[in-house]
file start-v2.cif (mmCIF, C-alpha atoms and all ligand atoms)
data_upload
loop_
_atom_site.label_atom_id
_atom_site.label_comp_id
_atom_site.auth_asym_id
_atom_site.auth_seq_id
_atom_site.Cartn_x
_atom_site.Cartn_y
_atom_site.Cartn_z
CA GLU A 1 0.00 0.00 0.00
CA GLN A 2 1.30 3.40 -0.92
CA LYS A 3 1.48 6.09 1.69
CA VAL A 4 -0.31 9.23 0.70
CA THR A 5 0.43 12.48 2.39
CA PRO A 6 -2.90 13.93 3.47
CA ASN A 7 -3.89 16.84 1.37
CA ARG A 8 -4.52 19.75 3.70
CA THR A 9 -7.13 21.52 1.65
CA PRO A 10 -9.67 23.96 3.09
CA VAL A 11 -12.35 21.33 2.52
CA ILE A 12 -10.70 18.84 4.90
CA PHE A 13 -10.14 21.60 7.41
CA SER A 14 -13.79 22.57 7.44
CA ASN A 15 -14.77 18.89 7.80
CA GLU A 16 -12.56 18.62 10.86
CA LEU A 17 -14.08 21.75 12.23
CA GLN A 18 -17.55 20.41 11.60
CA GLN A 19 -16.62 17.14 13.30
CA ARG A 20 -15.49 19.04 16.34
CA VAL A 21 -18.77 20.96 16.49
CA ILE A 22 -20.72 17.70 16.26
CA ASP A 23 -18.50 16.19 18.96
CA THR A 24 -19.17 19.05 21.32
CA GLN A 25 -22.89 18.71 20.71
CA ALA A 26 -22.82 14.93 21.20
CA ILE A 27 -20.71 15.28 24.34
CA LEU A 28 -23.14 17.82 25.78
CA GLU A 29 -26.12 15.59 25.10
CA GLY A 30 -24.28 12.59 26.51
CA LEU A 31 -23.25 14.54 29.55
CA GLN A 32 -26.87 15.45 30.26
CA GLN A 33 -27.61 11.76 30.74
CA ALA A 34 -24.29 10.65 32.18
CA THR A 35 -25.33 10.69 35.84
CA ALA A 36 -28.68 9.00 35.19
CA ARG A 37 -26.98 6.37 33.03
CA ARG A 38 -24.34 5.78 35.70
CA GLN A 39 -21.50 6.53 33.32
CA LEU A 40 -19.64 8.72 35.78
CA TYR A 41 -17.29 7.30 38.38
CA LEU A 42 -14.48 8.49 40.58
CA CYS A 43 -10.88 7.42 40.70
CA TYR A 44 -8.73 8.22 43.69
CA GLN A 45 -5.06 9.21 43.72
CA PRO A 46 -3.06 9.02 46.96
CA ILE A 47 -1.45 12.10 48.47
CA VAL A 48 1.45 11.02 50.68
CA SER A 49 3.42 12.63 53.45
CA ALA A 50 6.88 13.78 52.35
CA LYS A 51 8.17 12.78 55.79
CA ASP A 52 7.36 9.09 55.83
CA SER A 53 5.40 8.61 52.60
CA SER A 54 2.34 7.36 54.47
CA PHE A 55 -0.89 8.24 52.68
CA CYS A 56 -2.82 11.16 54.15
CA ALA A 57 -5.47 11.85 51.55
CA PHE A 58 -6.89 10.70 48.25
CA GLU A 59 -7.90 13.10 45.50
CA ALA A 60 -11.17 12.23 43.77
CA LEU A 61 -10.83 12.53 40.00
CA LEU A 62 -13.91 12.28 37.85
CA ARG A 63 -14.09 9.79 34.97
CA TRP A 64 -16.69 9.40 32.23
CA ASP A 65 -17.23 6.25 30.25
CA PHE A 66 -19.31 7.62 27.37
CA ASP A 67 -20.36 4.33 25.77
CA GLY A 68 -16.82 3.05 25.69
CA ARG A 69 -15.25 6.40 24.84
CA PHE A 70 -13.29 7.78 27.75
CA ILE A 71 -13.48 11.51 27.80
CA GLY A 72 -11.17 13.30 30.22
CA PRO A 73 -12.35 15.85 32.77
CA ASP A 74 -10.20 18.52 31.14
CA GLN A 75 -12.48 18.12 28.13
CA PHE A 76 -15.93 17.73 29.68
CA ILE A 77 -15.73 19.84 32.86
CA PRO A 78 -15.51 23.10 30.86
CA LEU A 79 -18.60 22.01 28.89
CA ALA A 80 -20.40 21.10 32.10
CA GLU A 81 -19.52 24.54 33.46
CA LYS A 82 -20.80 26.37 30.39
CA SER A 83 -24.05 24.41 30.27
CA GLY A 84 -24.74 24.60 33.98
CA LEU A 85 -24.62 20.80 34.28
CA ILE A 86 -21.71 21.19 36.69
CA LYS A 87 -24.17 21.84 39.54
CA GLU A 88 -25.71 18.41 39.24
CA ILE A 89 -22.44 16.64 38.38
CA GLY A 90 -20.59 18.42 41.16
CA ALA A 91 -23.21 17.47 43.71
CA TRP A 92 -22.97 13.86 42.55
CA VAL A 93 -19.15 13.94 42.93
CA LEU A 94 -19.40 15.42 46.41
CA ASN A 95 -21.87 12.77 47.54
CA ARG A 96 -19.99 9.87 46.01
CA ALA A 97 -16.63 10.99 47.39
CA CYS A 98 -17.96 11.51 50.92
CA MET A 99 -19.78 8.19 50.81
CA ASP A 100 -16.68 6.32 49.59
CA ALA A 101 -14.39 7.96 52.13
CA SER A 102 -16.77 7.21 54.99
CA GLN A 103 -16.30 3.53 54.14
CA TRP A 104 -12.50 3.47 53.90
CA GLN A 105 -11.84 1.13 56.81
CA TYR A 106 -8.16 0.80 55.89
CA ALA A 107 -7.79 4.57 55.72
CA HIS A 108 -10.24 5.79 58.29
CA ASN A 109 -8.19 8.91 59.00
CA ALA A 110 -7.36 9.80 55.43
CA ALA A 111 -9.04 12.80 53.86
CA VAL A 112 -10.81 12.88 50.54
CA SER A 113 -9.93 15.85 48.36
CA VAL A 114 -12.66 16.92 45.95
CA ASN A 115 -12.26 19.34 43.03
CA VAL A 116 -14.86 22.06 43.02
CA SER A 117 -15.50 24.25 40.03
CA ILE A 118 -15.89 27.99 40.58
CA ILE A 119 -19.36 27.92 38.95
CA GLN A 120 -20.35 25.25 41.45
CA LEU A 121 -18.83 27.12 44.40
CA MET A 122 -20.56 30.38 43.55
CA ASP A 123 -23.99 28.81 43.20
CA ASP A 124 -26.37 29.47 46.06
CA SER A 125 -27.13 25.76 46.37
CA PHE A 126 -23.49 24.80 47.01
CA ILE A 127 -23.43 24.95 50.80
CA ARG A 128 -26.67 22.97 50.90
CA ALA A 129 -25.12 20.32 48.64
CA LEU A 130 -22.09 20.25 50.92
CA ASP A 131 -24.21 19.80 54.05
CA ASN A 132 -26.18 17.08 52.30
CA ALA A 133 -23.06 15.14 51.35
CA LEU A 134 -21.68 15.39 54.89
CA ARG A 135 -24.97 14.45 56.53
CA SER A 136 -25.88 11.52 54.31
CA SER A 137 -22.38 10.01 54.42
CA GLY A 138 -21.66 10.74 58.07
CA LEU A 139 -18.10 11.68 57.05
CA ALA A 140 -16.24 13.78 59.63
CA PRO A 141 -15.95 17.24 57.99
CA GLU A 142 -12.23 17.44 58.84
CA ARG A 143 -11.77 14.57 56.41
CA LEU A 144 -13.16 16.53 53.49
CA HIS A 145 -10.90 18.88 51.53
CA LEU A 146 -12.18 21.02 48.69
CA GLU A 147 -9.78 21.94 45.89
CA ILE A 148 -10.48 25.22 44.22
CA THR A 149 -8.48 26.48 41.27
CA GLU A 150 -6.54 29.63 41.94
CA SER A 151 -7.69 31.50 38.84
CA ILE A 152 -11.13 31.80 40.42
CA PHE A 153 -9.91 34.33 42.91
CA VAL A 154 -10.16 36.99 40.24
CA ASP A 155 -13.89 37.65 40.30
CA ASN A 156 -16.42 38.46 42.95
CA LYS A 157 -14.05 38.36 45.88
CA ILE A 158 -16.71 39.09 48.47
CA LYS A 159 -18.88 36.15 47.51
CA ILE A 160 -15.87 33.83 47.29
CA LYS A 161 -14.76 34.90 50.74
CA GLN A 162 -18.24 34.21 52.12
CA GLN A 163 -18.36 30.78 50.54
CA LEU A 164 -14.89 29.84 51.81
CA GLU A 165 -15.84 31.01 55.29
CA ALA A 166 -19.04 28.95 55.19
CA ILE A 167 -17.00 25.92 54.14
CA GLN A 168 -14.42 26.39 56.87
CA ALA A 169 -17.10 27.07 59.49
CA ARG A 170 -18.05 23.43 58.87
CA LYS A 171 -14.41 22.38 59.50
CA VAL A 172 -14.00 21.37 55.87
CA HIS A 173 -10.55 22.29 54.50
CA VAL A 174 -9.91 24.50 51.50
CA SER A 175 -7.02 23.87 49.10
CA ILE A 176 -5.91 26.10 46.27
CA ASP A 177 -5.32 23.89 43.23
CA ASP A 178 -2.79 24.55 40.44
CA PHE A 179 -1.19 27.29 42.52
CA GLY A 180 0.94 29.67 40.51
CA THR A 181 -0.89 29.21 37.23
CA GLY A 182 -3.81 31.54 37.88
CA TYR A 183 -4.16 35.26 37.80
CA SER A 184 -4.75 36.10 41.42
CA SER A 185 -2.57 38.58 43.16
CA LEU A 186 -0.79 37.37 46.26
CA SER A 187 -2.40 40.09 48.34
CA GLN A 188 -5.79 38.59 47.57
CA LEU A 189 -4.61 35.36 49.11
CA GLN A 190 -4.07 37.20 52.36
CA THR A 191 -7.71 38.11 52.63
CA LEU A 192 -8.93 34.58 52.00
CA SER A 193 -8.16 31.90 54.49
CA VAL A 194 -7.01 28.66 52.92
CA ASN A 195 -5.63 25.52 54.55
CA GLN A 196 -3.53 24.11 51.76
CA VAL A 197 -1.76 25.09 48.56
CA LYS A 198 -1.20 22.65 45.70
CA ILE A 199 1.87 23.54 43.65
CA ASP A 200 1.14 22.97 39.98
CA LYS A 201 2.83 20.16 38.08
CA SER A 202 4.34 22.60 35.57
CA PHE A 203 6.70 23.92 38.28
CA ILE A 204 7.69 20.40 39.32
CA ASP A 205 8.42 19.54 35.67
CA ASN A 206 10.46 22.71 35.40
CA MET A 207 12.42 22.29 38.62
CA HIS A 208 15.80 22.30 36.85
CA HIS A 209 15.06 25.70 35.34
CA ASN A 210 12.96 28.37 37.02
CA GLY A 211 10.54 26.01 38.71
CA GLU A 212 12.59 25.68 41.86
CA ALA A 213 12.58 29.43 42.55
CA ILE A 214 8.81 29.52 42.16
CA ILE A 215 8.38 26.49 44.41
CA ARG A 216 10.57 28.08 47.09
CA ALA A 217 8.62 31.32 46.87
CA THR A 218 5.36 29.41 47.16
CA LEU A 219 6.62 27.51 50.20
CA PHE A 220 7.56 30.79 51.82
CA ILE A 221 4.13 32.32 51.19
CA ALA A 222 2.40 29.16 52.35
CA SER A 223 4.29 29.11 55.63
CA GLU A 224 3.52 32.80 56.20
CA LEU A 225 -0.15 32.01 55.66
CA ASN A 226 -0.03 28.87 57.80
CA CYS A 227 -0.86 26.64 54.86
CA LYS A 228 0.21 23.09 54.17
CA THR A 229 1.76 22.42 50.77
CA VAL A 230 1.26 19.63 48.24
CA ALA A 231 3.37 19.08 45.13
CA GLU A 232 1.35 17.75 42.19
CA GLY A 233 2.56 15.54 39.36
CA VAL A 234 5.62 14.03 41.07
CA GLU A 235 6.88 11.44 38.59
CA THR A 236 10.41 10.58 39.76
CA LEU A 237 12.36 9.84 42.93
CA GLU A 238 14.65 12.79 42.12
CA GLN A 239 11.68 15.14 42.18
CA ALA A 240 10.34 13.61 45.38
CA LEU A 241 13.72 14.00 47.09
CA ALA A 242 14.20 17.59 45.95
CA LEU A 243 10.69 18.58 47.04
CA LYS A 244 11.09 16.90 50.39
CA ALA A 245 14.40 18.69 50.92
CA MET A 246 12.75 22.01 50.09
CA GLY A 247 10.17 21.36 52.77
CA VAL A 248 7.02 20.44 50.84
CA ASP A 249 4.58 18.70 53.21
CA TYR A 250 2.81 16.31 50.84
CA LEU A 251 3.51 14.71 47.49
CA GLN A 252 1.19 13.41 44.80
CA GLY A 253 1.95 11.90 41.41
CA PHE A 254 2.52 8.87 39.24
CA TYR A 255 5.77 8.11 41.10
CA PHE A 256 3.59 7.04 44.04
CA ALA A 257 0.40 5.94 42.33
CA LYS A 258 -1.93 6.67 39.46
CA PRO A 259 -5.60 7.35 40.14
CA MET A 260 -7.38 4.07 40.99
CA ARG A 261 -10.95 2.83 41.21
CA ASN A 262 -12.36 2.86 44.73
CA ALA A 263 -12.41 -0.95 44.86
CA GLN A 264 -8.69 -1.09 43.97
CA LEU A 265 -7.75 1.21 46.84
CA ILE A 266 -8.41 -1.48 49.41
CA ASP A 267 -5.66 -3.63 47.94
CA TRP A 268 -3.28 -0.77 47.32
CA GLN A 269 -0.04 -1.19 49.18
CA ASN A 270 2.10 1.87 49.05
CA PRO A 271 5.22 0.54 47.32
CA ILE A 272 7.29 3.48 48.49
CA THR A 273 7.98 3.30 52.17
CA ASP A 274 10.64 5.95 52.42
CA ILE A 275 11.65 8.84 50.22
CA THR A 276 15.40 8.53 50.51
CA THR A 277 18.21 7.63 48.15
CA PRO A 278 20.24 4.46 48.85
CA SER A 279 23.16 6.70 49.87
CA ALA A 280 20.98 8.68 52.26
CA GLN A 281 19.80 5.43 53.83
CA ALA A 282 23.40 4.35 54.38
CA LYS A 283 24.14 7.43 56.49
P1 LIG A 301 -6.21 18.59 38.95
O1 LIG A 301 -7.20 18.72 40.02
O2 LIG A 301 -5.03 19.50 39.00
O3 LIG A 301 -5.77 17.06 38.99
C1 LIG A 301 -4.49 16.59 38.70
C2 LIG A 301 -4.44 15.97 37.33
O4 LIG A 301 -3.10 15.52 37.09
C3 LIG A 301 -5.31 14.71 37.18
O5 LIG A 301 -5.74 14.64 35.81
C4 LIG A 301 -4.33 13.58 37.49
O6 LIG A 301 -4.70 12.33 36.95
C5 LIG A 301 -3.08 14.13 36.84
N1 LIG A 301 -1.85 13.61 37.45
C6 LIG A 301 -1.61 13.27 38.75
N2 LIG A 301 -0.34 12.87 38.93
C7 LIG A 301 0.27 12.98 37.73
C8 LIG A 301 1.61 12.71 37.27
O7 LIG A 301 2.51 12.31 38.01
N3 LIG A 301 1.85 12.95 35.95
C9 LIG A 301 0.87 13.39 35.07
N4 LIG A 301 1.21 13.55 33.79
N5 LIG A 301 -0.39 13.65 35.48
C10 LIG A 301 -0.69 13.46 36.79
P2 LIG A 301 -7.24 14.35 35.42
O8 LIG A 301 -7.80 13.27 36.29
O9 LIG A 301 -7.29 14.16 33.94
O10 LIG A 301 -7.99 15.69 35.80
C11 LIG A 301 -7.74 16.89 35.12
C12 LIG A 301 -8.42 18.05 35.79
O11 LIG A 301 -9.84 17.94 35.68
C13 LIG A 301 -8.15 18.16 37.28
O12 LIG A 301 -6.90 18.78 37.51
C14 LIG A 301 -9.33 19.02 37.73
O13 LIG A 301 -9.07 20.37 37.50
C15 LIG A 301 -10.43 18.55 36.80
N6 LIG A 301 -11.30 17.60 37.51
C16 LIG A 301 -11.14 16.27 37.70
N7 LIG A 301 -12.18 15.77 38.43
C17 LIG A 301 -13.00 16.81 38.70
C18 LIG A 301 -14.25 16.96 39.43
O14 LIG A 301 -14.79 16.01 40.02
N8 LIG A 301 -14.79 18.22 39.47
C19 LIG A 301 -14.20 19.30 38.87
N9 LIG A 301 -14.80 20.48 38.96
N10 LIG A 301 -13.04 19.19 38.20
C20 LIG A 301 -12.44 17.98 38.11
MG MG A 302 -7.20 18.90 41.98
MG MG A 303 -3.97 20.56 40.13
MG MG A 304 -5.16 20.88 37.02
#
call {"tool": "encode", "arguments": {"input": "start-v2.cif", "output": "C-alpha cells", "more": "lines below"}}
Ligand code: C2E
Ligand code: MG
Ligand code: MG
Ligand code: MG
result
Amino acid sequence: EQKVTPNRTPVIFSNELQQRVIDTQAILEGLQQATARRQLYLCYQPIVSAKDSSFCAFEALLRWDFDGRFIGPDQFIPLAEKSGLIKEIGAWVLNRACMDASQWQYAHNAAVSVNVSIIQLMDDSFIRALDNALRSSGLAPERLHLEITESIFVDNKIKIKQQLEAIQARKVHVSIDDFGTGYSSLSQLQTLSVNQVKIDKSFIDNMHHNGEAIIRATLFIASELNCKTVAEGVETLEQALALKAMGVDYLQGFYFAKPMRNAQLIDWQNPITDITTPSAQAK
C-alpha cells in the first residue's frame, strides 16, 4: 500500500471543524444523561506525606465512560460549566466521594480531596449540597478537603470569601489547586483563608530551570499564611527528594500511584515506604 500524504485543503479543514462541532454537541447531550446512566465514576489518587510517605489523603478525579469512549475531565468539565450541568455533576461527585471515604476502613483517618468548580462554588445551592453530602455520608468534615483552582480568585471576591468562610465554618478544609498558574494577586490570598496550597505540576516539571525558585517562593508564602503544601505531578524519585528537601509537606503523582478505582484502593499497598536515596539510607 502506498502512503499518501494527506492533502490539507480547506475542505478537509472545514470537515474537521464540523466534526469538532458535532463532537461538542454529542458530548453535551451525553453529559446530560451521564449521571442517570451511571457513566460517571471516581478514581482516587493518593497524596502522601513527604516525611514518611504514608498516605494522608486521596484526591477524587472524575471519569466518564461515554459508551466506551473515555473523555477526560479537562475536556468535559468546561462544557459542564458552560451548560450549567456542573451543579448536578458536582453534587454527585461530592456525595460519592464523601460516601466512599466514609467507608475506607483501611484509611479511616485519610481525607478525601474533591475538586470544586468555581461555577459550582458560587452557586447558592453549594453549601446545601455540601451539608447534604456530609450528613448523608456521616463523614467527619475534617476529612473533606475542597480543591479550588486559583484562577477563580479573580472575580467576585466578596462572595468567594463568604463561601470559603461557610465551608471552613463546617471544618471542611480548602485547598488552592494549580497554585501559581492563575491570575490572582498574592495580596488577595491574604484576605482569604485557605488551609492548603497545591503547587502545579508545571513547576515540578520545570524544577531544573525556574521552577525551583517559584516552588521556594510558594513555600515561603504558604508558611507565612499557615498553609500546608502539596506538590502535584511528582513522577520521579529525584523530584520527590528535591521537594522533600525544600520542605514540601505532601507529594502526589505517578511516582507514588496513578488514580485508581475505589475498589482497587483497598488492595493498594504503598510501594514506596521511604523517600530517601540508597546513599541517604546508608548514612
Ligand atoms: P487537577 O485537580 O489539577 O488534577 C491533577 C491531574 O493531574 C489529574 O488529571 C491527574 O490524573 C493528573 N496527574 C496526577 N499525577 C500525575 C503525574 O505524576 N503525571 C501526570 N502527567 N499527570 C498526573 P485528570 O484526572 O485528567 O484531571 C484533570 C483536571 O480535571 C483536574 O486537575 C481538575 O481540575 C479537573 N477535575 C477532575 N475531576 C474533577 C471533578 O470532580 N470536578 C471538577 N470540577 N473538576 C475535576
Ligand atoms: Mg485537583
Ligand atoms: Mg492541580
Ligand atoms: Mg489541574
call {"tool": "atom_distance", "arguments": {"input": "start-v2.cif", "atom1": "atom C10 of ligand LIG 301 (chain A)", "atom2": "atom CA of Tyr255 of chain A"}}
result
9.4 Å
call {"tool": "residues_around", "arguments": {"input": "start-v2.cif", "residues": "segment 119-121 of chain A", "least_positions_apart": "6", "cutoff": "7 Å", "atoms": "only C-alpha atoms", "output": "ChimeraX atom specification"}}
result
/A:81,86-87,90
call {"tool": "closest_residue", "arguments": {"input": "start-v2.cif", "among": "A:Cys56, A:Ile199, A:Ile27, A:Leu79", "to": "Gly182 of chain A", "atoms": "only C-alpha atoms"}}
result
A:Ile199
call {"tool": "residues_near_point", "arguments": {"input": "start-v2.cif", "point": "(-22.5, 9.3, 28.9)", "cutoff": "8 Å", "atoms": "all atoms listed in the file", "output": "list in words"}}
result
Ile27, Gly30, Leu31, Gln32, Gln33, Ala34, Thr35, Arg37, Arg38, Gln39, Leu40, Trp64, Asp65, Phe66 and Asp67 of chain A
call {"tool": "write_last_selection", "arguments": {"input": "start-v2.cif", "atoms": "C-alpha atoms", "output": "PDB file, in the coordinates of the input"}}
result
ATOM      1  CA  ILE A  27     -20.710  15.280  24.340  1.00  0.00           C
ATOM      2  CA  GLY A  30     -24.280  12.590  26.510  1.00  0.00           C
ATOM      3  CA  LEU A  31     -23.250  14.540  29.550  1.00  0.00           C
ATOM      4  CA  GLN A  32     -26.870  15.450  30.260  1.00  0.00           C
ATOM      5  CA  GLN A  33     -27.610  11.760  30.740  1.00  0.00           C
ATOM      6  CA  ALA A  34     -24.290  10.650  32.180  1.00  0.00           C
ATOM      7  CA  THR A  35     -25.330  10.690  35.840  1.00  0.00           C
ATOM      8  CA  ARG A  37     -26.980   6.370  33.030  1.00  0.00           C
ATOM      9  CA  ARG A  38     -24.340   5.780  35.700  1.00  0.00           C
ATOM     10  CA  GLN A  39     -21.500   6.530  33.320  1.00  0.00           C
ATOM     11  CA  LEU A  40     -19.640   8.720  35.780  1.00  0.00           C
ATOM     12  CA  TRP A  64     -16.690   9.400  32.230  1.00  0.00           C
ATOM     13  CA  ASP A  65     -17.230   6.250  30.250  1.00  0.00           C
ATOM     14  CA  PHE A  66     -19.310   7.620  27.370  1.00  0.00           C
ATOM     15  CA  ASP A  67     -20.360   4.330  25.770  1.00  0.00           C
TER      16      ASP A  67
END
call {"tool": "residues_near_ligand", "arguments": {"input": "start-v2.cif", "ligand": "ligand MG 303 (chain A)", "cutoff": "6 Å", "atoms": "only C-alpha atoms and all ligand atoms", "output": "PyMOL selection string"}}
result
chain A and resi 177-178+200
call {"tool": "write_last_selection", "arguments": {"input": "start-v2.cif", "atoms": "C-alpha atoms", "output": "CSV table (one decimal), in the coordinates of the input"}}
result
chain,number,residue,atom,x,y,z
A,177,ASP,CA,-5.3,23.9,43.2
A,178,ASP,CA,-2.8,24.6,40.4
A,200,ASP,CA,1.1,23.0,40.0
call {"tool": "decode", "arguments": {"input": "start-v2.cif", "residues": "segment 234-244 of chain A", "atoms": "all heavy atoms", "output": "mmCIF file, in the first residue's frame"}}
result
data_model
loop_
_atom_site.group_PDB
_atom_site.id
_atom_site.type_symbol
_atom_site.label_atom_id
_atom_site.label_comp_id
_atom_site.auth_asym_id
_atom_site.auth_seq_id
_atom_site.Cartn_x
_atom_site.Cartn_y
_atom_site.Cartn_z
ATOM 1 N N VAL A 234 4.266 14.524 40.769
ATOM 2 C CA VAL A 234 5.615 14.026 41.070
ATOM 3 C C VAL A 234 5.796 12.684 40.358
ATOM 4 O O VAL A 234 5.058 11.742 40.608
ATOM 5 C CB VAL A 234 5.814 13.846 42.592
ATOM 6 C CG1 VAL A 234 7.208 13.316 42.895
ATOM 7 C CG2 VAL A 234 5.547 15.161 43.313
ATOM 8 N N GLU A 235 6.741 12.638 39.430
ATOM 9 C CA GLU A 235 6.884 11.441 38.594
ATOM 10 C C GLU A 235 8.157 10.662 38.865
ATOM 11 O O GLU A 235 8.281 9.512 38.439
ATOM 12 C CB GLU A 235 6.803 11.835 37.114
ATOM 13 C CG GLU A 235 5.410 12.332 36.725
ATOM 14 C CD GLU A 235 5.261 12.673 35.250
ATOM 15 O OE1 GLU A 235 6.297 12.860 34.573
ATOM 16 O OE2 GLU A 235 4.110 12.746 34.788
ATOM 17 N N THR A 236 9.134 11.281 39.548
ATOM 18 C CA THR A 236 10.409 10.578 39.757
ATOM 19 C C THR A 236 10.868 10.703 41.217
ATOM 20 O O THR A 236 10.453 11.619 41.937
ATOM 21 C CB THR A 236 11.533 11.178 38.875
ATOM 22 O OG1 THR A 236 11.784 12.527 39.302
ATOM 23 C CG2 THR A 236 11.159 11.166 37.402
ATOM 24 N N LEU A 237 11.758 9.783 41.596
ATOM 25 C CA LEU A 237 12.358 9.840 42.931
ATOM 26 C C LEU A 237 13.150 11.136 43.110
ATOM 27 O O LEU A 237 13.114 11.750 44.167
ATOM 28 C CB LEU A 237 13.273 8.623 43.148
ATOM 29 C CG LEU A 237 14.089 8.615 44.448
ATOM 30 C CD1 LEU A 237 13.188 8.569 45.680
ATOM 31 C CD2 LEU A 237 15.066 7.438 44.472
ATOM 32 N N GLU A 238 13.851 11.554 42.051
ATOM 33 C CA GLU A 238 14.646 12.788 42.122
ATOM 34 C C GLU A 238 13.765 13.973 42.506
ATOM 35 O O GLU A 238 14.125 14.780 43.367
ATOM 36 C CB GLU A 238 15.329 13.080 40.777
ATOM 37 C CG GLU A 238 16.486 12.181 40.421
ATOM 38 C CD GLU A 238 16.060 10.742 40.105
ATOM 39 O OE1 GLU A 238 14.923 10.544 39.589
ATOM 40 O OE2 GLU A 238 16.835 9.818 40.401
ATOM 41 N N GLN A 239 12.610 14.044 41.855
ATOM 42 C CA GLN A 239 11.683 15.139 42.176
ATOM 43 C C GLN A 239 11.202 15.022 43.613
ATOM 44 O O GLN A 239 11.169 16.016 44.355
ATOM 45 C CB GLN A 239 10.478 15.110 41.231
ATOM 46 C CG GLN A 239 10.817 15.497 39.801
ATOM 47 C CD GLN A 239 9.636 15.297 38.859
ATOM 48 O OE1 GLN A 239 8.729 14.502 39.128
ATOM 49 N NE2 GLN A 239 9.647 16.001 37.743
ATOM 50 N N ALA A 240 10.852 13.819 44.018
ATOM 51 C CA ALA A 240 10.342 13.613 45.384
ATOM 52 C C ALA A 240 11.386 14.042 46.406
ATOM 53 O O ALA A 240 11.079 14.735 47.378
ATOM 54 C CB ALA A 240 9.940 12.151 45.579
ATOM 55 N N LEU A 241 12.630 13.655 46.162
ATOM 56 C CA LEU A 241 13.717 14.004 47.087
ATOM 57 C C LEU A 241 13.935 15.505 47.162
ATOM 58 O O LEU A 241 14.076 16.074 48.245
ATOM 59 C CB LEU A 241 15.020 13.338 46.629
ATOM 60 C CG LEU A 241 15.157 11.851 46.919
ATOM 61 C CD1 LEU A 241 16.334 11.276 46.140
ATOM 62 C CD2 LEU A 241 15.338 11.633 48.423
ATOM 63 N N ALA A 242 13.952 16.142 45.991
ATOM 64 C CA ALA A 242 14.197 17.586 45.947
ATOM 65 C C ALA A 242 13.075 18.331 46.659
ATOM 66 O O ALA A 242 13.322 19.266 47.434
ATOM 67 C CB ALA A 242 14.330 18.048 44.496
ATOM 68 N N LEU A 243 11.837 17.903 46.435
ATOM 69 C CA LEU A 243 10.688 18.580 47.037
ATOM 70 C C LEU A 243 10.674 18.386 48.545
ATOM 71 O O LEU A 243 10.380 19.301 49.311
ATOM 72 C CB LEU A 243 9.390 18.060 46.410
ATOM 73 C CG LEU A 243 9.216 18.462 44.931
ATOM 74 C CD1 LEU A 243 8.218 17.557 44.232
ATOM 75 C CD2 LEU A 243 8.797 19.931 44.823
ATOM 76 N N LYS A 244 11.022 17.186 48.957
ATOM 77 C CA LYS A 244 11.092 16.902 50.390
ATOM 78 C C LYS A 244 12.170 17.787 51.045
ATOM 79 O O LYS A 244 11.931 18.392 52.089
ATOM 80 C CB LYS A 244 11.415 15.417 50.596
ATOM 81 C CG LYS A 244 11.501 14.996 52.042
ATOM 82 C CD LYS A 244 11.942 13.550 52.167
ATOM 83 C CE LYS A 244 12.097 13.183 53.633
ATOM 84 N NZ LYS A 244 12.431 11.771 53.822
#
